[in-house]
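Trainee: One structure, as structure tokens, below. Some questions next.
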Amino acid sequence: MSERAPLCTGSKEGGHTATQGHDDHKGHAHGSGGHTHGVSSNADRRYLWGALALLGSFMVAEIVVAFVSGSLALLSDAGHMLSDVGAIGAALWAMHLSAKPARGSWTFGWKRAEILSAAGNGITLLVVSGIVAFEAIRRLINPPEVEGGAVLIVALVGVAVNIGAAWLIARANRTSLNVEGAYQHILTDLYGFIGTVVAGIVILLTGWTRADPIASLIVVGLMLYAAWGLLRESGRVLLEGAPKDVDLDDLQQHLLDTDNVRSVHDLHVWTVTSDLPAVSAHVVVADDCFTDGNAPQVLDKLQACLHGHFDLEHSTFQLEPAGHAAHESGTH
């Protein structure tokens with residue numbers, strides 16, 4: 001965070017004494033309230049189904065033309081488009097799973113299915129880029145004949161189709177890593193078609209067929225860039241790293257600046273799924289909080305602090321006296 005937010009309270013009370021016992025959070029409702037977590041279902045599904053129909057229809061036509069014309073650029077775009085169709089299908093399935101309620105041992109439901117879908121999208125981009133790169137290098141060495149006119153016409157149609165699909169998915173909730181993964185697939189395909197248009201023009205004007213595999217290698221570079229972004233972000237969630245927009249030192253200081261708080265340990269901040277960050281901590285509070293009934297007020301202030309300054313609603317705090325840490329194992 002570039003600028004320190006105001007403290008959660010005006011001042012701290014003095015003293016560092018503590019009593020035995022602790023107070024757990026009982027009033028926080030998970031998964032409800034004013035902030036919507038995870039994927040917005042109905043509207044996003046409509047946009048993704050529309051994009052799926054558009055891309056699926058064009059993919060079949062492109063494969064036919066690619067074999068007839070002998071264009072690797074078109075065939076590589078068709079392969080990438082197949083991964084686009086698969087990415088959107090996986091995104092729709094992940095939306096279905098993430099909407100399932102928490103039940104039994106699945107205490108968060110299936111919300112992290114969208115993160116697995118995003119990671120899968122990144123992996124498929126890597127696989128497709130490797131296949132296309134191998135064939136492009138082979139064709140750079142021994143360039144075959146390519147129908148420049150067919151390449152240009154199909155690529156122009158592909159640009160229009162991908163613009164339409166990208167527009168549909170851009171209207172969905174792209175804060176969802178699942179939706180963003182599908183969007184990145186389509187965006188790199190759009191760039192690839194633009195490169196193919198250029199290759200088709202070059203082939204028509206000069207007969208230089210190596211323009212086709214060169215366009216394919218440009219697409220490969222874009223695929224790798226998109227794959228790295230998806231795998232980096234999904235890996236951060238799967239490895240339960242703190243959200244990148246949360247400054248842990250600043251967050252801990254805000255908790256410490258809350259009245260009656262003496263220290264904070266075992267602070268954990270992670271992301272369950274897109275739009276669902278979570279935090280837990282052991283908070284040492286003043287002795288009298290356990291005798292004068294102030295513990296619930298301290299809990300309210302801690303949660304209001306996280307909600308107001310860090311947009312973290314899913315929080316769990318264990319309130320405890322200073323002596324409690326002496327017989328806890330694995331504290332940090």
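If you're wondering about the labels, chains in the structure tokens are A, B, ... by order shown, residues count from 1 in each chain, ligands from 1 in order shown.
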Please provide the set of residues having any atom within 9 Å of Met59 (chain A), restricted to only C-alpha atoms, with same-chain residues fewer than 2 positions apart removed, written as a CSV table (one decimal) with N, CA and C atoms, in the first residue's frame.

Mentor:
chain,number,residue,atom,x,y,z
A,54,LEU,N,-20.0,-18.7,-30.4
A,54,LEU,CA,-19.3,-17.9,-31.5
A,54,LEU,C,-18.0,-18.6,-31.9
A,55,LEU,N,-17.2,-18.9,-30.9
A,55,LEU,CA,-15.9,-19.4,-31.2
A,55,LEU,C,-15.9,-20.9,-31.7
A,56,GLY,N,-16.9,-21.7,-31.2
A,56,GLY,CA,-17.0,-23.0,-31.6
A,56,GLY,C,-17.4,-23.1,-33.1
A,57,SER,N,-18.3,-22.3,-33.5
A,57,SER,CA,-18.7,-22.3,-34.9
A,57,SER,C,-17.6,-21.9,-35.8
A,61,ALA,N,-15.0,-24.1,-39.0
A,61,ALA,CA,-14.7,-23.6,-40.3
A,61,ALA,C,-13.2,-23.3,-40.5
A,62,GLU,N,-12.5,-22.9,-39.5
A,62,GLU,CA,-11.1,-22.5,-39.7
A,62,GLU,C,-10.3,-23.8,-39.9
A,63,ILE,N,-10.6,-24.9,-39.2
A,63,ILE,CA,-9.9,-26.1,-39.3
A,63,ILE,C,-10.0,-26.6,-40.8
A,64,VAL,N,-11.2,-26.5,-41.3
A,64,VAL,CA,-11.4,-27.0,-42.7
A,64,VAL,C,-10.5,-26.1,-43.7
A,77,ASP,N,-3.9,-21.2,-35.0
A,77,ASP,CA,-5.0,-20.4,-34.4
A,77,ASP,C,-6.2,-21.3,-34.1
A,78,ALA,N,-6.4,-22.3,-35.0
A,78,ALA,CA,-7.5,-23.2,-34.7
A,78,ALA,C,-7.2,-24.0,-33.4
A,79,GLY,N,-6.0,-24.5,-33.3
A,79,GLY,CA,-5.6,-25.2,-32.1
A,79,GLY,C,-5.7,-24.3,-30.9
A,81,MET,N,-7.7,-21.8,-30.7
A,81,MET,CA,-9.2,-21.6,-30.5
A,81,MET,C,-9.8,-22.8,-29.8
A,82,LEU,N,-9.3,-24.0,-30.1
A,82,LEU,CA,-9.8,-25.2,-29.4
A,82,LEU,C,-9.5,-25.1,-27.9
A,85,VAL,N,-12.1,-22.7,-26.6
A,85,VAL,CA,-13.4,-23.3,-26.3
A,85,VAL,C,-13.3,-24.2,-25.0
A,158,GLY,N,-11.7,-14.1,-38.4
A,158,GLY,CA,-11.3,-14.5,-37.1
A,158,GLY,C,-11.1,-13.3,-36.2

Trainee: Give me the region 80-162 of chain A side of the contact with region 210-227 of chain A, cut-off 10 Å, one line per residue showing its nearest atom pair and distance in Å at one decimal, counting only C-alpha atoms, sorted by chain and residue number, as JSON lines.

Mentor:
{"residue": "A:His80", "atom": "CA", "partner": "A:Met223", "partner_atom": "CA", "distance": 8.9}
{"residue": "A:Ala118", "atom": "CA", "partner": "A:Ala227", "partner_atom": "CA", "distance": 9.6}
{"residue": "A:Ala119", "atom": "CA", "partner": "A:Ala227", "partner_atom": "CA", "distance": 8.6}
{"residue": "A:Gly120", "atom": "CA", "partner": "A:Ala227", "partner_atom": "CA", "distance": 9.6}
{"residue": "A:Asn121", "atom": "CA", "partner": "A:Ala227", "partner_atom": "CA", "distance": 7.5}
{"residue": "A:Gly122", "atom": "CA", "partner": "A:Ala227", "partner_atom": "CA", "distance": 4.2}
{"residue": "A:Ile123", "atom": "CA", "partner": "A:Ala227", "partner_atom": "CA", "distance": 6.8}
{"residue": "A:Thr124", "atom": "CA", "partner": "A:Ala227", "partner_atom": "CA", "distance": 8.2}
{"residue": "A:Leu125", "atom": "CA", "partner": "A:Ala227", "partner_atom": "CA", "distance": 5.6}
{"residue": "A:Leu126", "atom": "CA", "partner": "A:Leu224", "partner_atom": "CA", "distance": 6.2}
{"residue": "A:Val127", "atom": "CA", "partner": "A:Leu224", "partner_atom": "CA", "distance": 9.6}
{"residue": "A:Val128", "atom": "CA", "partner": "A:Met223", "partner_atom": "CA", "distance": 8.3}
{"residue": "A:Ser129", "atom": "CA", "partner": "A:Val220", "partner_atom": "CA", "distance": 4.9}
{"residue": "A:Gly130", "atom": "CA", "partner": "A:Val220", "partner_atom": "CA", "distance": 7.7}
{"residue": "A:Ile131", "atom": "CA", "partner": "A:Val220", "partner_atom": "CA", "distance": 9.3}
{"residue": "A:Val132", "atom": "CA", "partner": "A:Ser216", "partner_atom": "CA", "distance": 6.9}
{"residue": "A:Ala133", "atom": "CA", "partner": "A:Leu217", "partner_atom": "CA", "distance": 6.0}
{"residue": "A:Phe134", "atom": "CA", "partner": "A:Leu217", "partner_atom": "CA", "distance": 9.4}
{"residue": "A:Glu135", "atom": "CA", "partner": "A:Pro213", "partner_atom": "CA", "distance": 8.1}
{"residue": "A:Ala136", "atom": "CA", "partner": "A:Pro213", "partner_atom": "CA", "distance": 4.7}
{"residue": "A:Ile137", "atom": "CA", "partner": "A:Pro213", "partner_atom": "CA", "distance": 7.2}
{"residue": "A:Arg138", "atom": "CA", "partner": "A:Pro213", "partner_atom": "CA", "distance": 8.7}
{"residue": "A:Arg139", "atom": "CA", "partner": "A:Pro213", "partner_atom": "CA", "distance": 6.3}
{"residue": "A:Leu140", "atom": "CA", "partner": "A:Arg210", "partner_atom": "CA", "distance": 5.8}
{"residue": "A:Ile141", "atom": "CA", "partner": "A:Arg210", "partner_atom": "CA", "distance": 8.8}
{"residue": "A:Asn142", "atom": "CA", "partner": "A:Arg210", "partner_atom": "CA", "distance": 8.9}
{"residue": "A:Pro143", "atom": "CA", "partner": "A:Arg210", "partner_atom": "CA", "distance": 6.0}
{"residue": "A:Pro144", "atom": "CA", "partner": "A:Arg210", "partner_atom": "CA", "distance": 8.5}
{"residue": "A:Glu145", "atom": "CA", "partner": "A:Arg210", "partner_atom": "CA", "distance": 9.5}
{"residue": "A:Val146", "atom": "CA", "partner": "A:Asp212", "partner_atom": "CA", "distance": 8.0}
{"residue": "A:Gly148", "atom": "CA", "partner": "A:Asp212", "partner_atom": "CA", "distance": 9.0}
{"residue": "A:Val151", "atom": "CA", "partner": "A:Asp212", "partner_atom": "CA", "distance": 9.1}

Trainee: Go ahead and dump the residues you just picked, C-alpha atoms, as a short mmCIF file (atom, residue, chain, number, x, y, z; two decimals), in the first residue's frame.

Mentor:
data_model
loop_
_atom_site.label_atom_id
_atom_site.label_comp_id
_atom_site.auth_asym_id
_atom_site.auth_seq_id
_atom_site.Cartn_x
_atom_site.Cartn_y
_atom_site.Cartn_z
CA HIS A 80 -5.47 -22.17 -29.86
CA ALA A 118 -7.50 -20.74 -14.25
CA ALA A 119 -4.39 -22.85 -13.60
CA GLY A 120 -5.63 -25.34 -16.21
CA ASN A 121 -6.00 -22.50 -18.70
CA GLY A 122 -2.41 -21.48 -18.08
CA ILE A 123 -1.16 -25.03 -18.56
CA THR A 124 -3.08 -25.50 -21.83
CA LEU A 125 -1.58 -22.27 -23.14
CA LEU A 126 1.88 -23.63 -22.38
CA VAL A 127 1.17 -26.96 -24.09
CA VAL A 128 -0.34 -25.39 -27.22
CA SER A 129 2.48 -22.85 -27.46
CA GLY A 130 5.07 -25.66 -27.31
CA ILE A 131 3.38 -27.62 -30.11
CA VAL A 132 2.99 -24.56 -32.33
CA ALA A 133 6.58 -23.40 -31.69
CA PHE A 134 7.97 -26.80 -32.73
CA GLU A 135 5.99 -26.87 -35.97
CA ALA A 136 6.73 -23.19 -36.73
CA ILE A 137 10.49 -23.77 -36.44
CA ARG A 138 10.21 -26.82 -38.70
CA ARG A 139 8.37 -24.76 -41.31
CA LEU A 140 10.87 -21.92 -41.07
CA ILE A 141 13.54 -24.39 -42.14
CA ASN A 142 11.42 -26.03 -44.87
CA PRO A 143 8.59 -23.63 -45.77
CA PRO A 144 5.65 -25.27 -47.58
CA GLU A 145 3.30 -23.63 -50.06
CA VAL A 146 0.60 -21.51 -48.43
CA GLY A 148 -2.22 -16.42 -48.94
CA VAL A 151 -5.27 -17.22 -44.96
#

Trainee: For Phe310 (chain A), which of A:Glu147, A:Glu180, A:Asp247, A:Asp292 is the closest residue, counting only C-alpha atoms?

Mentor: A:Asp247

Trainee: As an exercise, work out the distance from CA of Lys301 (chain A) to CA of Glu240 (chain A) in Å and give it to one decimal place.

Mentor: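 Atom-to-atom, CA of Lys301 (chain A) and CA of Glu240 (chain A) are spaced 25.8 Å apart.
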
Trainee: Using only C-alpha atoms, pick whichever of A:Ile169, A:Leu251, A:Leu230, A:Ile194 has the shortest atom-to-atom distance to His307 (chain A).

Mentor: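 Nearest to His307 (chain A): A:Leu251.
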
Trainee: Might you pull out every residue within 10 Å of His96 (chain A), with only C-alpha atoms counted and same-chain residues fewer than 4 positions away left off, and present them as a PyMOL selection string?

Mentor: chain A and resi 39+41+45+90-92+100+110-111+113-114

Trainee: At what distance in Å, to one decimal, does CA of Pro296 (chain A) lie from CA of Asp245 (chain A)?

Mentor: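 Taking CA of Asp245 (chain A) as the start and CA of Pro296 (chain A) as the end point, the length is 28.6 Å.
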
Trainee: Once DSSP has gone over the backbone, tell me which residues of region 44-131 of chain A are in alpha helix (DSSP H), as a tab-separated table (two decimals) with N, CA and C atoms, in the first residue's frame.

Mentor:
chain	number	residue	atom	x	y	z
A	44	ASP	N	-22.72	-13.82	-15.92
A	44	ASP	CA	-21.46	-14.31	-16.45
A	44	ASP	C	-21.65	-15.54	-17.32
A	45	ARG	N	-22.53	-16.42	-16.91
A	45	ARG	CA	-22.79	-17.63	-17.71
A	45	ARG	C	-23.34	-17.27	-19.09
A	46	ARG	N	-24.23	-16.32	-19.15
A	46	ARG	CA	-24.80	-15.92	-20.45
A	46	ARG	C	-23.71	-15.40	-21.37
A	47	TYR	N	-22.85	-14.55	-20.85
A	47	TYR	CA	-21.77	-13.99	-21.68
A	47	TYR	C	-20.83	-15.09	-22.16
A	48	LEU	N	-20.49	-16.02	-21.28
A	48	LEU	CA	-19.56	-17.08	-21.66
A	48	LEU	C	-20.19	-18.08	-22.63
A	49	TRP	N	-21.48	-18.38	-22.46
A	49	TRP	CA	-22.15	-19.26	-23.42
A	49	TRP	C	-22.19	-18.62	-24.81
A	50	GLY	N	-22.44	-17.32	-24.86
A	50	GLY	CA	-22.44	-16.61	-26.15
A	50	GLY	C	-21.09	-16.68	-26.82
A	51	ALA	N	-20.02	-16.44	-26.05
A	51	ALA	CA	-18.67	-16.51	-26.61
A	51	ALA	C	-18.33	-17.93	-27.05
A	52	LEU	N	-18.78	-18.92	-26.29
A	52	LEU	CA	-18.51	-20.32	-26.63
A	52	LEU	C	-19.16	-20.69	-27.96
A	53	ALA	N	-20.39	-20.29	-28.18
A	53	ALA	CA	-21.08	-20.59	-29.43
A	53	ALA	C	-20.39	-19.91	-30.61
A	54	LEU	N	-19.98	-18.68	-30.42
A	54	LEU	CA	-19.33	-17.91	-31.48
A	54	LEU	C	-18.00	-18.55	-31.88
A	55	LEU	N	-17.19	-18.88	-30.90
A	55	LEU	CA	-15.87	-19.43	-31.18
A	55	LEU	C	-15.94	-20.87	-31.71
A	56	GLY	N	-16.86	-21.66	-31.15
A	56	GLY	CA	-16.99	-23.04	-31.60
A	56	GLY	C	-17.36	-23.14	-33.06
A	57	SER	N	-18.29	-22.31	-33.48
A	57	SER	CA	-18.71	-22.33	-34.89
A	57	SER	C	-17.57	-21.95	-35.82
A	58	PHE	N	-16.85	-20.90	-35.43
A	58	PHE	CA	-15.77	-20.45	-36.30
A	58	PHE	C	-14.60	-21.44	-36.31
A	59	MET	N	-14.36	-22.10	-35.19
A	59	MET	CA	-13.24	-23.03	-35.10
A	59	MET	C	-13.38	-24.16	-36.12
A	60	VAL	N	-14.57	-24.69	-36.26
A	60	VAL	CA	-14.81	-25.78	-37.21
A	60	VAL	C	-14.49	-25.31	-38.63
A	61	ALA	N	-14.98	-24.11	-38.98
A	61	ALA	CA	-14.72	-23.58	-40.32
A	61	ALA	C	-13.23	-23.33	-40.55
A	62	GLU	N	-12.53	-22.85	-39.51
A	62	GLU	CA	-11.12	-22.54	-39.67
A	62	GLU	C	-10.27	-23.80	-39.87
A	63	ILE	N	-10.61	-24.86	-39.19
A	63	ILE	CA	-9.85	-26.12	-39.35
A	63	ILE	C	-9.96	-26.61	-40.78
A	64	VAL	N	-11.16	-26.53	-41.35
A	64	VAL	CA	-11.35	-26.97	-42.73
A	64	VAL	C	-10.49	-26.15	-43.68
A	65	VAL	N	-10.54	-24.81	-43.53
A	65	VAL	CA	-9.78	-23.94	-44.43
A	65	VAL	C	-8.27	-24.12	-44.21
A	66	ALA	N	-7.84	-24.35	-42.98
A	66	ALA	CA	-6.41	-24.53	-42.70
A	66	ALA	C	-5.86	-25.74	-43.45
A	67	PHE	N	-6.61	-26.85	-43.47
A	67	PHE	CA	-6.14	-28.04	-44.17
A	67	PHE	C	-6.17	-27.83	-45.68
A	68	VAL	N	-7.17	-27.13	-46.17
A	68	VAL	CA	-7.27	-26.89	-47.61
A	68	VAL	C	-6.15	-25.97	-48.09
A	69	SER	N	-5.85	-24.92	-47.29
A	69	SER	CA	-4.86	-23.93	-47.71
A	69	SER	C	-3.44	-24.32	-47.34
A	72	LEU	N	-0.12	-23.13	-41.59
A	72	LEU	CA	0.15	-23.45	-40.20
A	72	LEU	C	-0.42	-22.37	-39.27
A	73	ALA	N	-0.33	-21.11	-39.71
A	73	ALA	CA	-0.84	-20.02	-38.87
A	73	ALA	C	-2.32	-20.23	-38.57
A	74	LEU	N	-3.09	-20.61	-39.61
A	74	LEU	CA	-4.52	-20.87	-39.40
A	74	LEU	C	-4.72	-22.10	-38.53
A	75	LEU	N	-3.91	-23.14	-38.76
A	75	LEU	CA	-4.07	-24.35	-37.97
A	75	LEU	C	-3.68	-24.11	-36.51
A	76	SER	N	-2.63	-23.31	-36.31
A	76	SER	CA	-2.22	-22.99	-34.93
A	76	SER	C	-3.28	-22.14	-34.24
A	77	ASP	N	-3.87	-21.21	-35.00
A	77	ASP	CA	-4.97	-20.42	-34.44
A	77	ASP	C	-6.16	-21.31	-34.10
A	78	ALA	N	-6.43	-22.30	-34.97
A	78	ALA	CA	-7.54	-23.22	-34.70
A	78	ALA	C	-7.24	-24.04	-33.45
A	79	GLY	N	-5.96	-24.47	-33.30
A	79	GLY	CA	-5.60	-25.19	-32.09
A	79	GLY	C	-5.73	-24.34	-30.85
A	80	HIS	N	-5.31	-23.09	-30.99
A	80	HIS	CA	-5.47	-22.17	-29.86
A	80	HIS	C	-6.95	-21.92	-29.60
A	81	MET	N	-7.74	-21.83	-30.67
A	81	MET	CA	-9.17	-21.61	-30.48
A	81	MET	C	-9.82	-22.82	-29.82
A	82	LEU	N	-9.31	-24.02	-30.12
A	82	LEU	CA	-9.81	-25.20	-29.42
A	82	LEU	C	-9.54	-25.08	-27.92
A	83	SER	N	-8.36	-24.56	-27.58
A	83	SER	CA	-8.07	-24.35	-26.17
A	83	SER	C	-8.94	-23.24	-25.60
A	84	ASP	N	-9.31	-22.24	-26.44
A	84	ASP	CA	-10.25	-21.20	-26.00
A	84	ASP	C	-11.60	-21.80	-25.65
A	85	VAL	N	-12.09	-22.66	-26.55
A	85	VAL	CA	-13.38	-23.31	-26.32
A	85	VAL	C	-13.31	-24.15	-25.04
A	86	GLY	N	-12.20	-24.89	-24.89
A	86	GLY	CA	-12.02	-25.67	-23.67
A	86	GLY	C	-11.93	-24.79	-22.43
A	87	ALA	N	-11.27	-23.63	-22.57
A	87	ALA	CA	-11.13	-22.72	-21.44
A	87	ALA	C	-12.48	-22.17	-21.01
A	88	ILE	N	-13.30	-21.80	-21.98
A	88	ILE	CA	-14.63	-21.28	-21.64
A	88	ILE	C	-15.49	-22.38	-21.05
A	89	GLY	N	-15.40	-23.60	-21.62
A	89	GLY	CA	-16.15	-24.71	-21.06
A	89	GLY	C	-15.74	-25.00	-19.62
A	90	ALA	N	-14.42	-24.96	-19.37
A	90	ALA	CA	-13.93	-25.18	-18.00
A	90	ALA	C	-14.38	-24.07	-17.07
A	91	ALA	N	-14.40	-22.84	-17.59
A	91	ALA	CA	-14.85	-21.71	-16.78
A	91	ALA	C	-16.32	-21.86	-16.39
A	92	LEU	N	-17.13	-22.31	-17.34
A	92	LEU	CA	-18.55	-22.52	-17.05
A	92	LEU	C	-18.74	-23.64	-16.03
A	93	TRP	N	-17.96	-24.70	-16.16
A	93	TRP	CA	-18.06	-25.81	-15.20
A	93	TRP	C	-17.61	-25.35	-13.81
A	94	ALA	N	-16.53	-24.55	-13.78
A	94	ALA	CA	-16.04	-24.04	-12.50
A	94	ALA	C	-17.08	-23.13	-11.84
A	95	MET	N	-17.79	-22.34	-12.65
A	95	MET	CA	-18.86	-21.50	-12.11
A	95	MET	C	-19.94	-22.36	-11.46
A	96	HIS	N	-20.27	-23.45	-12.15
A	96	HIS	CA	-21.29	-24.36	-11.61
A	96	HIS	C	-20.84	-24.94	-10.27
A	97	LEU	N	-19.57	-25.35	-10.20
A	97	LEU	CA	-19.07	-25.93	-8.96
A	97	LEU	C	-18.97	-24.89	-7.85
A	98	SER	N	-18.49	-23.69	-8.20
A	98	SER	CA	-18.29	-22.67	-7.18
A	98	SER	C	-19.60	-22.19	-6.57
A	113	ALA	N	-12.64	-24.13	-7.18
A	113	ALA	CA	-12.66	-24.77	-8.51
A	113	ALA	C	-12.28	-23.76	-9.59
A	114	GLU	N	-12.66	-22.51	-9.41
A	114	GLU	CA	-12.34	-21.50	-10.42
A	114	GLU	C	-10.84	-21.26	-10.49
A	115	ILE	N	-10.12	-21.40	-9.38
A	115	ILE	CA	-8.67	-21.23	-9.40
A	115	ILE	C	-8.01	-22.39	-10.13
A	116	LEU	N	-8.52	-23.60	-9.91
A	116	LEU	CA	-8.01	-24.76	-10.65
A	116	LEU	C	-8.26	-24.60	-12.14
A	117	SER	N	-9.42	-24.05	-12.49
A	117	SER	CA	-9.73	-23.80	-13.90
A	117	SER	C	-8.75	-22.80	-14.50
A	118	ALA	N	-8.45	-21.74	-13.76
A	118	ALA	CA	-7.50	-20.74	-14.25
A	118	ALA	C	-6.11	-21.35	-14.44
A	119	ALA	N	-5.69	-22.18	-13.47
A	119	ALA	CA	-4.39	-22.85	-13.60
A	119	ALA	C	-4.39	-23.77	-14.82
A	120	GLY	N	-5.51	-24.48	-15.03
A	120	GLY	CA	-5.63	-25.34	-16.21
A	120	GLY	C	-5.53	-24.55	-17.49
A	121	ASN	N	-6.11	-23.37	-17.52
A	121	ASN	CA	-6.00	-22.50	-18.70
A	121	ASN	C	-4.55	-22.13	-18.97
A	122	GLY	N	-3.82	-21.81	-17.91
A	122	GLY	CA	-2.41	-21.48	-18.08
A	122	GLY	C	-1.61	-22.64	-18.61
A	123	ILE	N	-1.89	-23.83	-18.11
A	123	ILE	CA	-1.16	-25.03	-18.56
A	123	ILE	C	-1.47	-25.34	-20.03
A	124	THR	N	-2.74	-25.22	-20.42
A	124	THR	CA	-3.08	-25.50	-21.83
A	124	THR	C	-2.41	-24.49	-22.76
A	125	LEU	N	-2.29	-23.25	-22.33
A	125	LEU	CA	-1.58	-22.27	-23.14
A	125	LEU	C	-0.12	-22.66	-23.33
A	126	LEU	N	0.49	-23.18	-22.27
A	126	LEU	CA	1.88	-23.63	-22.38
A	126	LEU	C	2.01	-24.81	-23.34
A	127	VAL	N	1.10	-25.77	-23.23
A	127	VAL	CA	1.17	-26.96	-24.09
A	127	VAL	C	0.97	-26.58	-25.56
A	128	VAL	N	-0.07	-25.79	-25.83
A	128	VAL	CA	-0.34	-25.39	-27.22
A	128	VAL	C	0.81	-24.58	-27.78
A	129	SER	N	1.38	-23.68	-26.97
A	129	SER	CA	2.48	-22.85	-27.46
A	129	SER	C	3.70	-23.71	-27.80
A	130	GLY	N	3.95	-24.78	-27.02
A	130	GLY	CA	5.07	-25.66	-27.31
A	130	GLY	C	4.89	-26.41	-28.63
A	131	ILE	N	3.66	-26.89	-28.87
A	131	ILE	CA	3.38	-27.62	-30.11
A	131	ILE	C	3.52	-26.70	-31.32

Trainee: Quick one: of A:Val298, A:Ser105, A:Gly308, A:Thr316, who's nearest to Ser280 (chain A), counting only C-alpha atoms?

Mentor: A:Thr316

Trainee: Kindly give the distance, in Å, that separates CA of Trp228 (chain A) and CA of Val198 (chain A), rounded to a single decimal.

Mentor: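 Taking CA of Trp228 (chain A) as the start and CA of Val198 (chain A) as the end point, the length is 26.0 Å.
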